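*Asks:* The structure file work.pdb (PDB, C-alpha atoms) is provided below.
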```
MODEL        1
ATOM      1  CA  MET T 267     -17.735  11.571  37.270  1.00  0.00           C
ATOM      2  CA  SER T 268     -18.127  12.445  40.917  1.00  0.00           C
ATOM      3  CA  GLN T 269     -17.069  15.492  42.862  1.00  0.00           C
ATOM      4  CA  THR T 270     -14.733  14.746  45.766  1.00  0.00           C
ATOM      5  CA  SER T 271     -13.689  18.297  46.571  1.00  0.00           C
ATOM      6  CA  GLU T 272     -13.779  21.716  44.976  1.00  0.00           C
ATOM      7  CA  LYS T 273     -10.635  21.045  42.985  1.00  0.00           C
ATOM      8  CA  SER T 274     -10.459  17.340  42.286  1.00  0.00           C
ATOM      9  CA  ILE T 275     -12.818  14.911  40.604  1.00  0.00           C
ATOM     10  CA  VAL T 276     -12.923  11.165  40.000  1.00  0.00           C
ATOM     11  CA  VAL T 277     -13.578  10.198  36.388  1.00  0.00           C
ATOM     12  CA  ASP T 278     -14.762   6.946  34.829  1.00  0.00           C
ATOM     13  CA  ASP T 279     -11.207   5.690  34.481  1.00  0.00           C
ATOM     14  CA  SER T 280     -11.259   5.529  38.326  1.00  0.00           C
ATOM     15  CA  ILE T 281      -8.485   8.036  38.679  1.00  0.00           C
ATOM     16  CA  GLU T 282      -8.592  11.226  40.622  1.00  0.00           C
ATOM     17  CA  VAL T 283      -7.992  14.389  38.653  1.00  0.00           C
ATOM     18  CA  ASP T 284      -6.696  17.451  40.448  1.00  0.00           C
ATOM     19  CA  LEU T 285      -7.996  20.463  38.552  1.00  0.00           C
ATOM     20  CA  ARG T 286      -6.055  22.846  40.817  1.00  0.00           C
ATOM     21  CA  ASN T 287      -7.592  26.252  40.086  1.00  0.00           C
ATOM     22  CA  PRO T 288     -10.190  25.435  37.378  1.00  0.00           C
ATOM     23  CA  TYR T 289     -10.669  29.093  36.406  1.00  0.00           C
ATOM     24  CA  LEU T 290      -6.966  29.607  35.843  1.00  0.00           C
ATOM     25  CA  GLY T 291      -6.825  26.266  34.025  1.00  0.00           C
ATOM     26  CA  ALA T 292      -9.618  27.352  31.681  1.00  0.00           C
ATOM     27  CA  LEU T 293      -7.975  30.737  31.053  1.00  0.00           C
ATOM     28  CA  LEU T 294      -4.627  29.122  30.244  1.00  0.00           C
ATOM     29  CA  ALA T 295      -6.393  26.569  28.033  1.00  0.00           C
ATOM     30  CA  TRP T 296      -7.902  29.427  26.039  1.00  0.00           C
ATOM     31  CA  LEU T 297      -4.669  31.431  25.796  1.00  0.00           C
ATOM     32  CA  ILE T 298      -2.577  28.489  24.567  1.00  0.00           C
ATOM     33  CA  PRO T 299      -4.333  25.220  23.660  1.00  0.00           C
ATOM     34  CA  GLY T 300      -3.189  22.505  26.072  1.00  0.00           C
ATOM     35  CA  ALA T 301      -1.545  24.926  28.527  1.00  0.00           C
ATOM     36  CA  GLY T 302      -4.395  24.601  31.022  1.00  0.00           C
ATOM     37  CA  HIS T 303      -3.930  20.845  31.161  1.00  0.00           C
ATOM     38  CA  LEU T 304      -0.172  21.177  31.532  1.00  0.00           C
ATOM     39  CA  TYR T 305      -0.809  23.536  34.467  1.00  0.00           C
ATOM     40  CA  GLN T 306      -3.106  20.883  35.972  1.00  0.00           C
ATOM     41  CA  ARG T 307      -0.339  18.294  35.462  1.00  0.00           C
ATOM     42  CA  ARG T 308      -2.485  16.373  32.967  1.00  0.00           C
ATOM     43  CA  TYR T 309       0.493  16.158  30.654  1.00  0.00           C
ATOM     44  CA  ALA T 310      -0.669  13.537  28.131  1.00  0.00           C
ATOM     45  CA  LYS T 311      -3.937  15.318  27.434  1.00  0.00           C
ATOM     46  CA  GLY T 312      -2.193  18.682  27.377  1.00  0.00           C
ATOM     47  CA  VAL T 313       0.141  17.457  24.656  1.00  0.00           C
ATOM     48  CA  VAL T 314      -2.758  15.883  22.704  1.00  0.00           C
ATOM     49  CA  PHE T 315      -4.733  19.138  22.778  1.00  0.00           C
ATOM     50  CA  MET T 316      -1.713  21.285  22.011  1.00  0.00           C
ATOM     51  CA  VAL T 317      -0.494  19.214  19.053  1.00  0.00           C
ATOM     52  CA  CYS T 318      -3.945  18.583  17.561  1.00  0.00           C
ATOM     53  CA  ILE T 319      -5.362  22.081  17.900  1.00  0.00           C
ATOM     54  CA  LEU T 320      -2.259  24.120  17.144  1.00  0.00           C
ATOM     55  CA  SER T 321      -1.268  21.980  14.155  1.00  0.00           C
ATOM     56  CA  THR T 322      -4.787  22.301  12.714  1.00  0.00           C
ATOM     57  CA  TYR T 323      -4.676  26.059  13.213  1.00  0.00           C
ATOM     58  CA  VAL T 324      -1.188  26.538  11.756  1.00  0.00           C
ATOM     59  CA  PHE T 325      -1.913  24.220   8.820  1.00  0.00           C
ATOM     60  CA  GLY T 326      -5.108  26.150   8.077  1.00  0.00           C
ATOM     61  CA  LEU T 327      -3.384  29.508   8.358  1.00  0.00           C
ATOM     62  CA  ALA T 328      -0.615  28.348   6.008  1.00  0.00           C
ATOM     63  CA  MET T 329      -3.108  26.967   3.481  1.00  0.00           C
ATOM     64  CA  GLY T 330      -4.790  30.353   3.238  1.00  0.00           C
ATOM     65  CA  GLY T 331      -1.472  32.132   2.746  1.00  0.00           C
ATOM     66  CA  GLY T 332      -1.743  33.755   6.185  1.00  0.00           C
ATOM     67  CA  HIS T 333      -5.010  35.471   5.231  1.00  0.00           C
ATOM     68  CA  ALA T 334      -7.520  32.879   6.457  1.00  0.00           C
ATOM     69  CA  VAL T 335      -7.576  34.497   9.903  1.00  0.00           C
ATOM     70  CA  TYR T 336      -8.426  38.179  10.123  1.00  0.00           C
ATOM     71  CA  ALA T 337     -10.788  40.347  12.135  1.00  0.00           C
ATOM     72  CA  SER T 338     -13.138  42.681  10.344  1.00  0.00           C
ATOM     73  CA  TRP T 339     -16.669  43.948  11.024  1.00  0.00           C
ATOM     74  CA  ARG T 340     -17.084  46.463   8.232  1.00  0.00           C
ATOM     75  CA  GLU T 341     -20.091  46.758   5.973  1.00  0.00           C
ATOM     76  CA  GLY T 342     -19.611  44.238   3.196  1.00  0.00           C
ATOM     77  CA  ASP T 343     -16.901  42.314   5.036  1.00  0.00           C
ATOM     78  CA  ARG T 344     -18.221  40.918   8.292  1.00  0.00           C
ATOM     79  CA  ARG T 345     -15.730  38.224   9.186  1.00  0.00           C
ATOM     80  CA  TRP T 346     -17.977  36.175  11.515  1.00  0.00           C
ATOM     81  CA  GLN T 347     -15.574  33.242  11.171  1.00  0.00           C
ATOM     82  CA  TYR T 348     -13.156  35.057  13.457  1.00  0.00           C
ATOM     83  CA  ALA T 349     -15.539  34.509  16.381  1.00  0.00           C
ATOM     84  CA  PHE T 350     -14.714  30.791  16.102  1.00  0.00           C
ATOM     85  CA  GLN T 351     -11.040  31.246  15.189  1.00  0.00           C
ATOM     86  CA  VAL T 352     -10.374  33.348  18.295  1.00  0.00           C
ATOM     87  CA  GLY T 353     -11.165  30.225  20.324  1.00  0.00           C
ATOM     88  CA  VAL T 354      -7.482  29.237  19.947  1.00  0.00           C
ATOM     89  CA  GLY T 355      -6.472  32.277  22.004  1.00  0.00           C
ATOM     90  CA  ILE T 356      -3.087  33.960  21.572  1.00  0.00           C
ATOM     91  CA  PRO T 357      -2.347  32.513  18.112  1.00  0.00           C
ATOM     92  CA  ALA T 358      -5.416  34.348  16.749  1.00  0.00           C
ATOM     93  CA  LEU T 359      -4.960  37.621  18.627  1.00  0.00           C
ATOM     94  CA  PRO T 360      -2.447  39.219  16.195  1.00  0.00           C
ATOM     95  CA  ALA T 361      -5.435  39.640  13.871  1.00  0.00           C
ATOM     96  CA  LEU T 362      -6.822  42.279  16.243  1.00  0.00           C
ATOM     97  CA  ILE T 363      -3.503  44.145  16.268  1.00  0.00           C
ATOM     98  CA  GLN T 364      -3.355  44.016  12.478  1.00  0.00           C
ATOM     99  CA  THR T 365      -6.891  45.366  12.227  1.00  0.00           C
ATOM    100  CA  ALA T 366      -6.103  48.214  14.624  1.00  0.00           C
ATOM    101  CA  ASN T 367      -2.978  49.043  12.572  1.00  0.00           C
ATOM    102  CA  VAL T 368      -4.774  49.047   9.244  1.00  0.00           C
ATOM    103  CA  ARG T 369      -7.832  50.952  10.469  1.00  0.00           C
ATOM    104  CA  SER T 370      -5.651  53.672  11.986  1.00  0.00           C
ATOM    105  CA  GLY T 371      -3.996  54.184   8.611  1.00  0.00           C
ATOM    106  CA  GLY T 372      -0.757  52.427   9.514  1.00  0.00           C
ATOM    107  CA  GLU T 373       0.990  49.591   7.747  1.00  0.00           C
ATOM    108  CA  PRO T 374       0.303  46.012   8.874  1.00  0.00           C
ATOM    109  CA  ILE T 375       3.199  44.079  10.343  1.00  0.00           C
ATOM    110  CA  LEU T 376       4.210  40.454   9.659  1.00  0.00           C
ATOM    111  CA  ASP T 377       4.018  40.896   5.889  1.00  0.00           C
ATOM    112  CA  ASP T 378       0.207  41.328   5.804  1.00  0.00           C
ATOM    113  CA  MET T 379      -0.397  38.100   7.707  1.00  0.00           C
ATOM    114  CA  MET T 380      -3.805  38.212   9.475  1.00  0.00           C
ATOM    115  CA  ALA T 381      -4.392  41.756   8.205  1.00  0.00           C
ATOM    116  CA  PRO T 382      -7.918  42.551   7.047  1.00  0.00           C
ATOM    117  CA  PRO T 383      -8.583  43.457   3.410  1.00  0.00           C
ATOM    118  CA  ARG T 384      -7.836  47.163   2.918  1.00  0.00           C
ATOM    119  CA  ASP T 385     -10.676  47.803   0.534  1.00  0.00           C
ATOM    120  CA  VAL T 386     -14.068  46.216   0.032  1.00  0.00           C
ATOM    121  CA  ASN T 387     -15.457  46.276  -3.459  1.00  0.00           C
ATOM    122  CA  PRO T 388     -18.883  44.751  -4.116  1.00  0.00           C
ATOM    123  CA  ARG T 389     -17.822  44.032  -7.718  1.00  0.00           C
ATOM    124  CA  GLY T 390     -15.169  41.705  -6.370  1.00  0.00           C
ATOM    125  CA  ASP T 391     -12.058  43.641  -7.342  1.00  0.00           C
ATOM    126  CA  ASP T 392     -10.486  43.753  -3.875  1.00  0.00           C
ATOM    127  CA  ASP T 393      -8.021  42.009  -1.541  1.00  0.00           C
ATOM    128  CA  LEU T 394     -10.482  39.275  -0.607  1.00  0.00           C
ATOM    129  CA  ALA T 395     -11.069  38.436  -4.256  1.00  0.00           C
ATOM    130  CA  ARG T 396      -7.319  38.435  -4.860  1.00  0.00           C
ATOM    131  CA  TRP T 397      -6.699  36.038  -1.952  1.00  0.00           C
ATOM    132  CA  ASN T 398      -9.377  33.688  -3.255  1.00  0.00           C
ATOM    133  CA  LEU T 399      -7.856  33.865  -6.726  1.00  0.00           C
ATOM    134  CA  GLU T 400      -4.322  33.227  -5.462  1.00  0.00           C
ATOM    135  CA  HIS T 401      -5.130  30.384  -3.089  1.00  0.00           C
ATOM    136  CA  HIS T 402      -8.183  28.911  -4.844  1.00  0.00           C
ATOM    137  CA  ALA T 403     -10.132  26.546  -2.584  1.00  0.00           C
ATOM    138  CA  TYR T 404      -7.317  26.548  -0.031  1.00  0.00           C
ATOM    139  CA  PHE T 405      -8.419  29.942   1.259  1.00  0.00           C
ATOM    140  CA  GLU T 406     -11.754  28.363   2.244  1.00  0.00           C
ATOM    141  CA  PHE T 407     -10.036  25.198   3.512  1.00  0.00           C
ATOM    142  CA  GLY T 408      -7.757  27.351   5.645  1.00  0.00           C
ATOM    143  CA  THR T 409     -10.733  29.244   7.014  1.00  0.00           C
ATOM    144  CA  LEU T 410     -12.478  25.972   7.839  1.00  0.00           C
ATOM    145  CA  TYR T 411      -9.404  24.430   9.498  1.00  0.00           C
ATOM    146  CA  THR T 412      -8.777  27.472  11.675  1.00  0.00           C
ATOM    147  CA  MET T 413     -12.456  27.665  12.659  1.00  0.00           C
ATOM    148  CA  ILE T 414     -12.470  24.000  13.639  1.00  0.00           C
ATOM    149  CA  ALA T 415      -9.286  24.534  15.672  1.00  0.00           C
ATOM    150  CA  GLY T 416     -11.030  27.314  17.608  1.00  0.00           C
ATOM    151  CA  LEU T 417     -14.127  25.204  18.194  1.00  0.00           C
ATOM    152  CA  LEU T 418     -12.061  22.219  19.346  1.00  0.00           C
ATOM    153  CA  ASN T 419     -10.273  24.427  21.841  1.00  0.00           C
ATOM    154  CA  ILE T 420     -13.637  25.335  23.388  1.00  0.00           C
ATOM    155  CA  LEU T 421     -14.031  21.626  24.216  1.00  0.00           C
ATOM    156  CA  ALA T 422     -10.531  21.652  25.691  1.00  0.00           C
ATOM    157  CA  ILE T 423     -11.322  24.770  27.750  1.00  0.00           C
ATOM    158  CA  TYR T 424     -14.386  23.057  29.210  1.00  0.00           C
ATOM    159  CA  ASP T 425     -12.299  19.963  29.963  1.00  0.00           C
ATOM    160  CA  ALA T 426      -9.742  22.108  31.810  1.00  0.00           C
ATOM    161  CA  TYR T 427     -12.514  23.765  33.792  1.00  0.00           C
ATOM    162  CA  ALA T 428     -14.689  20.775  34.688  1.00  0.00           C
ATOM    163  CA  GLY T 429     -12.766  17.614  33.803  1.00  0.00           C
ATOM    164  CA  PRO T 430     -13.768  14.944  31.288  1.00  0.00           C
ATOM    165  CA  PHE T 431     -17.394  15.133  30.242  1.00  0.00           C
ATOM    166  CA  VAL T 432     -19.316  11.939  30.994  1.00  0.00           C
ATOM    167  CA  ALA T 433     -22.927  11.697  29.836  1.00  0.00           C
ATOM    168  CA  GLU T 434     -25.499  10.589  32.444  1.00  0.00           C
ATOM    169  CA  GLU T 435     -26.312   7.335  30.617  1.00  0.00           C
ATOM    170  CA  GLU T 436     -22.653   6.392  30.270  1.00  0.00           C
ATOM    171  CA  GLU T 437     -22.089   7.084  33.930  1.00  0.00           C
ATOM    172  CA  ASP T 438     -25.102   4.973  34.946  1.00  0.00           C
ATOM    173  CA  LYS T 439     -24.167   2.139  32.594  1.00  0.00           C
ATOM    174  CA  ASP T 440     -20.844   1.591  34.337  1.00  0.00           C
ATOM    175  CA  LYS T 441     -22.313   1.552  37.818  1.00  0.00           C
ATOM    176  CA  PRO T 442     -23.402  -1.766  39.369  1.00  0.00           C
ATOM    177  CA  PRO T 443     -27.194  -1.990  39.848  1.00  0.00           C
ATOM    178  CA  PRO T 444     -28.521  -1.230  43.332  1.00  0.00           C
ATOM    179  CA  ASP T 445     -29.117  -4.188  45.715  1.00  0.00           C
ATOM    180  CA  ASP T 446     -32.932  -4.077  45.531  1.00  0.00           C
ATOM    181  CA  GLU T 447     -32.819  -4.123  41.699  1.00  0.00           C
ATOM    182  CA  ARG T 448     -30.540  -7.158  41.739  1.00  0.00           C
ATOM    183  CA  ALA T 449     -32.820  -8.914  44.169  1.00  0.00           C
ATOM    184  CA  SER T 450     -35.946  -8.321  42.085  1.00  0.00           C
ATOM    185  CA  GLY T 451     -34.134  -9.338  38.869  1.00  0.00           C
ATOM    186  CA  ALA T 452     -32.943 -12.638  40.341  1.00  0.00           C
TER     187      ALA T 452
ATOM    188  CA  MET E  17     -25.685  12.033 -11.067  1.00  0.00           C
ATOM    189  CA  MET E  18     -23.464  13.386 -13.804  1.00  0.00           C
ATOM    190  CA  THR E  19     -23.002  16.694 -11.992  1.00  0.00           C
ATOM    191  CA  PHE E  20     -22.131  14.898  -8.799  1.00  0.00           C
ATOM    192  CA  ALA E  21     -19.665  12.579 -10.520  1.00  0.00           C
ATOM    193  CA  LEU E  22     -18.026  15.561 -12.240  1.00  0.00           C
ATOM    194  CA  LEU E  23     -17.818  17.381  -8.934  1.00  0.00           C
ATOM    195  CA  LEU E  24     -16.102  14.430  -7.273  1.00  0.00           C
ATOM    196  CA  ALA E  25     -13.777  13.891 -10.223  1.00  0.00           C
ATOM    197  CA  SER E  26     -12.761  17.553 -10.363  1.00  0.00           C
ATOM    198  CA  ALA E  27     -11.521  17.680  -6.795  1.00  0.00           C
ATOM    199  CA  PRO E  28     -10.157  14.260  -5.796  1.00  0.00           C
ATOM    200  CA  ASN E  29      -7.168  15.817  -4.015  1.00  0.00           C
ATOM    201  CA  HIS E  30      -9.410  17.997  -1.901  1.00  0.00           C
ATOM    202  CA  LEU E  31     -10.975  14.931  -0.304  1.00  0.00           C
ATOM    203  CA  TRP E  32      -7.654  14.081   1.348  1.00  0.00           C
ATOM    204  CA  TYR E  33      -7.963  17.201   3.475  1.00  0.00           C
ATOM    205  CA  TYR E  34     -10.755  15.449   5.313  1.00  0.00           C
ATOM    206  CA  LEU E  35      -8.351  12.896   6.861  1.00  0.00           C
ATOM    207  CA  PRO E  36      -6.330  15.159   9.189  1.00  0.00           C
ATOM    208  CA  LEU E  37      -9.529  16.835  10.300  1.00  0.00           C
ATOM    209  CA  ILE E  38     -11.134  13.521  11.228  1.00  0.00           C
ATOM    210  CA  VAL E  39      -8.010  12.491  13.151  1.00  0.00           C
ATOM    211  CA  VAL E  40      -7.804  15.687  15.226  1.00  0.00           C
ATOM    212  CA  VAL E  41     -11.542  16.007  15.802  1.00  0.00           C
ATOM    213  CA  SER E  42     -11.760  12.369  16.954  1.00  0.00           C
ATOM    214  CA  LEU E  43      -8.701  12.658  19.196  1.00  0.00           C
ATOM    215  CA  VAL E  44      -9.857  15.891  20.843  1.00  0.00           C
ATOM    216  CA  TYR E  45     -13.375  14.533  21.265  1.00  0.00           C
ATOM    217  CA  GLY E  46     -12.010  11.345  22.832  1.00  0.00           C
ATOM    218  CA  ALA E  47      -9.734  13.360  25.103  1.00  0.00           C
ATOM    219  CA  THR E  48     -12.698  15.339  26.436  1.00  0.00           C
ATOM    220  CA  ARG E  49     -14.373  12.077  27.489  1.00  0.00           C
ATOM    221  CA  HIS E  50     -11.491  10.243  29.201  1.00  0.00           C
ATOM    222  CA  GLU E  51      -8.350  10.878  31.163  1.00  0.00           C
ATOM    223  CA  LEU E  52      -6.070   8.006  30.125  1.00  0.00           C
ATOM    224  CA  MET E  53      -4.539   7.526  26.679  1.00  0.00           C
ATOM    225  CA  GLY E  54      -5.924   4.000  26.168  1.00  0.00           C
ATOM    226  CA  PRO E  55      -9.601   4.945  26.496  1.00  0.00           C
ATOM    227  CA  ILE E  56      -8.942   8.206  24.621  1.00  0.00           C
ATOM    228  CA  LEU E  57      -7.570   6.321  21.611  1.00  0.00           C
ATOM    229  CA  ASN E  58     -10.409   3.762  21.732  1.00  0.00           C
ATOM    230  CA  HIS E  59     -12.986   6.514  21.843  1.00  0.00           C
ATOM    231  CA  ALA E  60     -11.206   8.399  19.053  1.00  0.00           C
ATOM    232  CA  VAL E  61     -11.266   5.372  16.752  1.00  0.00           C
ATOM    233  CA  ARG E  62     -14.983   4.830  17.393  1.00  0.00           C
ATOM    234  CA  ALA E  63     -15.724   8.522  16.878  1.00  0.00           C
ATOM    235  CA  GLY E  64     -13.714   8.572  13.640  1.00  0.00           C
ATOM    236  CA  VAL E  65     -15.588   5.558  12.273  1.00  0.00           C
ATOM    237  CA  TRP E  66     -18.929   7.051  13.339  1.00  0.00           C
ATOM    238  CA  ILE E  67     -18.236  10.442  11.718  1.00  0.00           C
ATOM    239  CA  THR E  68     -16.963   8.814   8.530  1.00  0.00           C
ATOM    240  CA  GLY E  69     -20.061   6.598   8.381  1.00  0.00           C
ATOM    241  CA  PHE E  70     -22.332   9.580   8.966  1.00  0.00           C
ATOM    242  CA  MET E  71     -20.634  11.552   6.199  1.00  0.00           C
ATOM    243  CA  GLY E  72     -20.855   8.517   3.923  1.00  0.00           C
ATOM    244  CA  ILE E  73     -24.618   8.408   4.477  1.00  0.00           C
ATOM    245  CA  ILE E  74     -24.878  12.127   3.671  1.00  0.00           C
ATOM    246  CA  LEU E  75     -22.848  11.468   0.508  1.00  0.00           C
ATOM    247  CA  LEU E  76     -25.267   8.704  -0.523  1.00  0.00           C
ATOM    248  CA  ILE E  77     -28.270  10.959   0.133  1.00  0.00           C
ATOM    249  CA  LEU E  78     -26.746  13.741  -1.983  1.00  0.00           C
ATOM    250  CA  LEU E  79     -25.943  11.215  -4.682  1.00  0.00           C
ATOM    251  CA  ALA E  80     -29.559   9.984  -4.683  1.00  0.00           C
ATOM    252  CA  VAL E  81     -30.979  13.512  -4.723  1.00  0.00           C
ATOM    253  CA  SER E  82     -28.761  14.572  -7.618  1.00  0.00           C
ATOM    254  CA  TRP E  83     -29.239  11.337  -9.562  1.00  0.00           C
ATOM    255  CA  ARG E  84     -31.142  12.926 -12.460  1.00  0.00           C
ATOM    256  CA  LEU E  85     -29.248  16.214 -12.579  1.00  0.00           C
TER     257      LEU E  85
ENDMDL
END
```
So, in terms of structure tokens, how does the structure I just supplied come out?
*Replies:*
Amino acid sequence: MSQTSEKSIVVDDSIEVDLRNPYLGALLAWLIPGAGHLYQRRYAKGVVFMVCILSTYVFGLAMGGGHAVYASWREGDRRWQYAFQVGVGIPALPALIQTANVRSGGEPILDDMMAPPRDVNPRGDDDLARWNLEHHAYFEFGTLYTMIAGLLNILAIYDAYAGPFVAEEEEDKDKPPPDDERASGA
Amino acid sequence: MMTFALLLASAPNHLWYYLPLIVVVSLVYGATRHELMGPILNHAVRAGVWITGFMGIILLILLAVSWRL
């Protein structure tokens, strides 16, 4: 990959990629997976990222009955997984609204979807235990799927910001050897 | 060995959930390395095979470790 200007790069497929405004591209890529690439007119990759990441996220959320994604940092219920899930951007942000609603004593919207557990009981008799009981292993599967979706979108965000990642060795391998090397090898 | 075999036998359906993950992870990984669909798909296939092989090796190691359990 070589830099031709501030906004466009040439990748190993020998095509020039116009990143337009890379910062805006990265922001859009975080907000909606694939949107940054669509903004940069990289339509095929935008659709690949959008379909792959959003379908993984939605499938995971559905598997966990809508409870696999929630934001909580209370004693006894530190939902560190949300730090990865929020990588998908807007689709994970309702969890913050739900948490604010529940913590302020209000009722969660969207039929409890993405709402944090109301009570935390160390003996296990609480919402989290109930969700695990109702959805069995699928609650954990859903958590895993949504976390992976968030992590994958971080790769997509970087791609929107800097273009396709090409390792040094791969880049060197494709280049023809310099003239003096060819001469000494002959 | 017995524990491991029982574990595998008790959750055969759960293993299918690995397939969509491998497909999306490989595709996204390939898409971060190339710009055109042809190279992306090639890279995705190679990445999928590599990840599956790696997980197969881990499975064999776990099987060996739990042989006498």
*Asks:* Just need the residues of chain E within 7 Å of chain T, counting all atoms listed in the file, so spit them out as a PyMOL selection string.
*Replies:* chain E and resi 40+44+47-51
*Asks:* I'd like the contact shell of stretch 384-389 of chain T - 7 Å cut-off, only C-alpha atoms, skipping same-chain residues fewer than 4 positions apart - returned as a PyMOL selection string.
*Replies:* chain T and resi 342-343+393
*Asks:* Take the selection from the previous step and output its residues with C-alpha atoms, as an mmCIF file, in the frame of the given file.
*Replies:*
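Output below, filename result13.cif:
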```cif
data_model
loop_
_atom_site.group_PDB
_atom_site.id
_atom_site.type_symbol
_atom_site.label_atom_id
_atom_site.label_comp_id
_atom_site.auth_asym_id
_atom_site.auth_seq_id
_atom_site.Cartn_x
_atom_site.Cartn_y
_atom_site.Cartn_z
ATOM 1 C CA GLY T 342 -19.611 44.238 3.196
ATOM 2 C CA ASP T 343 -16.901 42.314 5.036
ATOM 3 C CA ASP T 393 -8.021 42.009 -1.541
#
```
*Asks:* May I ask for the distance between atom CA of T:Gly416 and atom CA of T:Val352, given in Å to one decimal place?
*Replies:* 6.1 Å
*Asks:* I'd like the interatomic distance between atom CA of T:Ala358 and atom CA of T:Gly372, to a tenth of an Å.
*Replies:*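 According to the coordinates, atom CA of T:Ala358 and atom CA of T:Gly372 are separated by 20.0 Å.
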*Asks:* What does the PyMOL selection byres ((chain T and resi 349) around 12) select in this file, as a VMD selection string?
*Replies:* chain T and resid 335 to 339 344 to 348 350 to 355 358 to 359 361 to 362 409 412 to 417 420
*Asks:* Pick out the residues sitting within 8 Å of stretch 64-66 of chain E, and hand them over as a list in words; count all atoms listed in the file, and ignore anything fewer than 5 positions along from it in its own chain.
*Replies:*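 Here the answer would be Ile38, Val39 and Ser42 of chain E.
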*Asks:* For atom CA of E:Tyr33 and atom CA of T:Leu320, determine how far apart the two atoms are, in Å to one decimal place.
*Replies:* 16.3 Å
*Asks:* Between E:Val81, E:Ala25, E:Leu31, E:Leu37, which one has atoms that come closest to E:Ile67, using all atoms listed in the file?
*Replies:*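 Counting all atoms listed in the file, the residue closest to E:Ile67 is E:Leu37.
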